[in-house]
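Here's the structure, in structure tokens; my notes come after.
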Amino acid sequence: QVTLVESGGGLVQPGDAQRLSCAASGRSFSNYPMAWFRQALGKVREFVAGINWNDNSTLYADSVKGRFTISRDNAQNTLSLQMNNLQPADTAVYYCAASHRYAGYNFLPTGVPAYDYWGQGTRVTVAS
């Protein structure tokens with residue numbers, strides 16, 4: 001049984017930092033592209049940040065570039081998202097995702113359909 005479990009969400013104030021973690025189990029994700037997505041109330045799920053498996057290359061949505069940092073630890077099978085200078089617009093449920101169909105490929109997808117495994121999400125609320 002493959003599972004992804006996010007943690008680290010909660011209520012923070014504008015300008016605060018928060019770190020999200022994703023623990024993967026059931027198989028090794030060492031050769032999987034992995035990513036964080038988020039979904040705000042009433043909006044579609046959107047790509048936030050992704051990290052490739054082979055060279056740890058990263059991609060970020062323009063809205064978070066310079067504030068968020070994605071990282072992975074293949075030995076621990078974990079994925080993290082360090083979020084700095086959080087703003088109310090960052091309020092959303094954050095999801096960890098892994099792409100089985102692109103495992104082993106030198107390609108980092110950003111679309112929701114490209115990801116096969118999803119966590120249950122962790123809510124981040126930014127409010128004063």
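How things are named: the first chain in the structure tokens is A, the next is B, and so on; residues count from 1 in each chain; ligands count from 1 in the order shown.
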Excluding same-chain residues fewer than 4 positions from stretch 25-34 of chain A, what lies within 7 Å of it counting only C-alpha atoms, as a PyMOL selection string? chain A and resi 1-4+50-54+74+77+97-100+102-104+108
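Across A:Arg45, A:Phe68, A:Val93, A:Thr78, the tightest approach to A:Gln120 is made by A:Val93 when counting only C-alpha atoms.
Residue nearest A:Val44, chosen from A:Ala92, A:Met83, A:Leu11, A:Thr69 and counting only C-alpha atoms: A:Ala92.
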Hey, which of A:Ala23, A:Leu81, A:Val64, A:Ala17 ends up closest to A:Glu46? Count only C-alpha atoms. A:Val64
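Excluding A:Gly8 and any residue on its chain fewer than 5 positions from it, the residues at most 7 Å away by only C-alpha atoms are Arg19, Leu20 and Ser21 of chain A.
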With only C-alpha atoms as the counted atoms, please give the residues lying no more than 10 Å from stretch 36-41 of chain A, apart from itself and same-chain residues fewer than 4 positions off, as a ChimeraX atom specification. /A:20,22,45-51,60-61,70,79-81,89-98,110-112,118-119,121-125
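The spacing separating atom CA of A:Ala75 from atom CA of A:Val5 amounts to 16.6 Å.
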